[in-house]
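For reference, the structure discussed in these notes is given below.
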Amino acid sequence: MKLGYQTNTWGGVVGHPAGVTSIKDLFYLANGSTEEALQDITEAGFKGFELFDGNLMEYRDQKEAFKELIKRYSLEFVGVYAGANFIYPDIWTEELLRLEEAASLASELGARHFVVGGGAVRANGILESDYHQLGEALNQVAALAEKYGLIPSYHPHLGTIVQSPDQLDKLMPLTTINLCPDTAHIEAGGGDPVEVIKKYINRINYVHLKDYRDGAFVPLGEGVQKFDEMIRLLDDAGYNDWIIVELDQYEDPKKGATISREYLAQFEKVHR
């Protein structure tokens with residue numbers, strides 16, 4: 001298993017302001033320095049990174065600068081995280097074009113994974129048809145990612161129509177896309193990440209590890225997540241792809257990354 005880190009801790013999770021007036025510009029964005037993030041991720045001991053589509057798009061006219069950053073810090077560009085509402089037919093075409101723009105650039109710059117989250121919650125509540133709409137949209141995302149040589153996955157998330165275990169179980173038969181479990185979001189949504197990994201192990205090609213305690217996301221080892229069981233399940237299944245550690249916000253991002261990397265060292269010793 002290869003270990004990477006998400007850059008969103010540097011600056012926190014924000015939206016793109018242009019998205020208020022234009023769906024095509026509604027990228028995710030971490031409001032921090034990507035260069036600082038990559039330097040800290042390297043020094044913390046990780047070998048790869050994932051970033052938001054909005055932070056990737058900042059390099060659409062600076063591709064060589066992005067490649068130079070990767071080379072300077074000896075990191076692998078693992079994946080990009082994007083998202084959409086998915087369930088509104090009137091804007092889905094615009095959202096899909098935006099997702100394609102991110103997938104195309106990610107592929108050109110050497111990424112391996114394309115992971116998406118989302119599925120809007122309507123003001124008047126969730127409709128059963130929303131799951132069918134989301135499932136079909138995710139099938140299109142999967143085809144889009146594969147067109148650019150990327151591995152597509154869906155990431156369940158709080159605040160969407162797929163935050164609880166029963167909602168995930170409702171979606172999964174309606175789409176062919178892979179599952180990227182975010183272990184803390186699964187727990188925060190009322191699920192057991194160990195059971196989710198066990199149930200969907202044949203559809204998991206990408207993983208986000210995040211710890212959780214008392215309603216907050218914390219560095220690995222500081223919460224209650226059963227990472228030993230999760231890693232054993234992945235190992236038994238022959239999983240040999242990237243594991244991305246994520247921590248949405250932390251006062252000292254580098255320290256948070258270092259704590260998580262030191263925690264994971266115990267599993268490397270076991271599996272060597």
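Going by the structure tokens order, chains are called A, B, ..., each with residues numbered from 1, while ligands are numbered from 1 in the order shown.
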
Name the residues in contact with region 228-245 of chain A at a cut-off of 6 Å, using only C-alpha atoms, excluding same-chain residues fewer than 4 positions from it; report them as a ChimeraX atom specification. /A:1-5,194,207-209

What's around Ile23 (chain A) at 12 Å? Count only C-alpha atoms, leave out sequence neighbours fewer than 3 positions away in its own chain, and write the answer as a ChimeraX atom specification. /A:15-20,26-28,83-86,88,90-99

Would you mind listing what lies within 9 Å of region 66-78 of chain A as a VMD selection string, with only C-alpha atoms counted and same-chain residues fewer than 2 positions away left out? chain A and resid 4 35 38 to 39 41 to 43 46 to 51 56 59 62 to 64 80 106 109 to 114 242 244

Using backbone DSSP assignments, extract all strand (DSSP E or B) residues from region 54-196 of chain A; output them as a VMD selection string. chain A and resid 76 to 84 113 to 118 151 to 154 178 to 179 182

Between CA of Thr9 (chain A) and CA of Tyr250 (chain A), measure the distance and give it in Å to one decimal.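 That distance, rounded to one decimal, is 6.3 Å.
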
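Relative to CA of Ala103 (chain A), CA of Leu144 (chain A) is found at 7.8 Å.
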
Of the residues A:Gln249, A:Asn31, A:Thr176, A:Ser153, which is the one nearest to Ala216 (chain A), using only C-alpha atoms?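 Ranked by minimum distance to Ala216 (chain A), first place goes to A:Gln249.
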
Neighbouring residues of Glu262 (chain A) were defined as those with any atom within 12 Å, considering only C-alpha atoms; residues of the same chain fewer than 2 positions away were excluded. Please report them as a PyMOL selection string. chain A and resi 3+43-46+219-222+255-260+264-269

Quick one: write out the picked residues with N, CA and C atoms as a CSV table (one decimal), in the first residue's frame?
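File part20.csv, as written:
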```
chain,number,residue,atom,x,y,z
A,3,LEU,N,1.2,5.4,0.5
A,3,LEU,CA,0.6,6.4,1.3
A,3,LEU,C,0.7,7.8,0.8
A,43,GLU,N,7.9,16.3,3.8
A,43,GLU,CA,8.7,16.3,5.0
A,43,GLU,C,8.0,15.4,6.1
A,44,ALA,N,6.7,15.2,6.0
A,44,ALA,CA,6.0,14.4,6.9
A,44,ALA,C,6.2,12.9,6.6
A,45,GLY,N,6.7,12.6,5.4
A,45,GLY,CA,7.0,11.2,5.0
A,45,GLY,C,6.1,10.5,4.1
A,46,PHE,N,5.2,11.3,3.4
A,46,PHE,CA,4.3,10.7,2.5
A,46,PHE,C,4.9,10.8,1.1
A,219,PRO,N,-6.3,13.8,13.5
A,219,PRO,CA,-5.2,13.0,12.9
A,219,PRO,C,-5.4,11.5,13.2
A,220,LEU,N,-4.9,10.6,12.4
A,220,LEU,CA,-5.0,9.2,12.6
A,220,LEU,C,-4.4,8.8,14.0
A,221,GLY,N,-5.1,8.0,14.7
A,221,GLY,CA,-4.6,7.5,16.0
A,221,GLY,C,-5.2,8.3,17.1
A,222,GLU,N,-5.8,9.5,16.9
A,222,GLU,CA,-6.3,10.3,17.9
A,222,GLU,C,-7.8,10.2,18.1
A,255,LYS,N,2.0,19.3,11.2
A,255,LYS,CA,2.0,18.5,12.4
A,255,LYS,C,0.9,17.4,12.3
A,256,GLY,N,-0.3,17.8,11.8
A,256,GLY,CA,-1.3,16.8,11.7
A,256,GLY,C,-0.9,15.7,10.7
A,257,ALA,N,-0.2,16.1,9.6
A,257,ALA,CA,0.2,15.0,8.7
A,257,ALA,C,1.3,14.2,9.3
A,258,THR,N,2.2,14.7,10.1
A,258,THR,CA,3.2,14.0,10.7
A,258,THR,C,2.7,13.0,11.7
A,259,ILE,N,1.7,13.4,12.5
A,259,ILE,CA,1.1,12.5,13.5
A,259,ILE,C,0.5,11.3,12.8
A,260,SER,N,-0.2,11.6,11.7
A,260,SER,CA,-0.9,10.5,11.0
A,260,SER,C,0.2,9.5,10.4
A,264,LEU,N,0.8,5.5,11.1
A,264,LEU,CA,0.7,4.4,10.1
A,264,LEU,C,2.0,3.5,10.0
A,265,ALA,N,3.0,4.0,10.6
A,265,ALA,CA,4.3,3.2,10.6
A,265,ALA,C,4.1,1.9,11.2
A,266,GLN,N,3.3,1.7,12.2
A,266,GLN,CA,3.1,0.4,12.8
A,266,GLN,C,2.6,-0.7,11.8
A,267,PHE,N,1.8,-0.2,10.9
A,267,PHE,CA,1.2,-1.2,9.9
A,267,PHE,C,2.3,-1.6,8.9
A,268,GLU,N,3.2,-0.7,8.6
A,268,GLU,CA,4.2,-1.0,7.6
A,268,GLU,C,5.1,-2.1,8.2
A,269,LYS,N,5.4,-2.0,9.5
A,269,LYS,CA,6.2,-3.0,10.2
A,269,LYS,C,5.6,-4.4,10.2
```

Report the residues of region 34-213 of chain A whose backbone DSSP state falls under alpha helix (DSSP H), written as a VMD selection string. chain A and resid 34 to 44 53 to 57 63 to 72 89 to 108 128 to 147 165 to 171 183 to 188 193 to 200

Atom pair CA of Gly54 (chain A) / CA of Gly189 (chain A): separation (Å):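 Rounded to one decimal, the two atoms are 25.8 Å apart.
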
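Distances to His157 (chain A) were evaluated for A:Leu174, A:Ala184, A:Ala145, A:Ala137 using only C-alpha atoms, and the minimum falls at A:Ala184.
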
Quick one: everything within 10 Å of Leu168 (chain A), counting only C-alpha atoms, minus sequence neighbours fewer than 3 positions away in the same chain. Send it as a list in words. Tyr131, Pro156, Ile161, Val162, Gln163, Ser164, Pro165, Leu171, Met172, Pro173, Leu179, Ile186, Gly191 and Val196 of chain A

Test item: residues at most 10 Å from Asp214 (chain A), only C-alpha atoms, excluding those fewer than 2 positions along its chain, as a compact mmCIF listing (two decimals) with N, CA and C atoms, in the first residue's frame:
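Result file follows (out_27.txt):
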```txt
# COMPACT_ATOMS: atom_id res chain seq x y z
N ALA A 188 -19.33 9.32 10.79
CA ALA A 188 -20.11 10.51 11.14
C ALA A 188 -21.54 10.42 10.59
N TYR A 212 -11.81 10.11 13.63
CA TYR A 212 -13.02 10.80 14.09
C TYR A 212 -13.19 10.61 15.59
N ALA A 216 -15.62 15.42 15.67
CA ALA A 216 -14.56 16.18 14.97
C ALA A 216 -13.63 15.23 14.23
N PHE A 217 -13.07 15.71 13.12
CA PHE A 217 -12.05 14.98 12.39
C PHE A 217 -10.70 15.28 13.02
N VAL A 218 -9.92 14.22 13.25
CA VAL A 218 -8.63 14.37 13.95
C VAL A 218 -7.57 13.54 13.23
N GLY A 223 -8.41 9.34 17.25
CA GLY A 223 -9.84 9.11 17.33
C GLY A 223 -10.16 7.67 17.66
N VAL A 224 -11.31 7.20 17.20
CA VAL A 224 -11.80 5.88 17.58
C VAL A 224 -11.89 4.92 16.40
```

Counting only C-alpha atoms, which of A:Glu36, A:Glu101, A:Asp25, A:Asp192 gets nearest to Pro253 (chain A)?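 Answer, going by the shortest atom-to-atom distance: A:Glu36.
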
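Ranking A:Ile87, A:Cys180, A:Leu105, A:Ile151 by their shortest atom-to-atom distance to Val121 (chain A), with only C-alpha atoms included, puts A:Ile87 first.
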
So which one's closest to Glu146 (chain A), A:Leu247, A:Leu158, A:Val115, A:Leu134? Using only C-alpha atoms, please. A:Val115
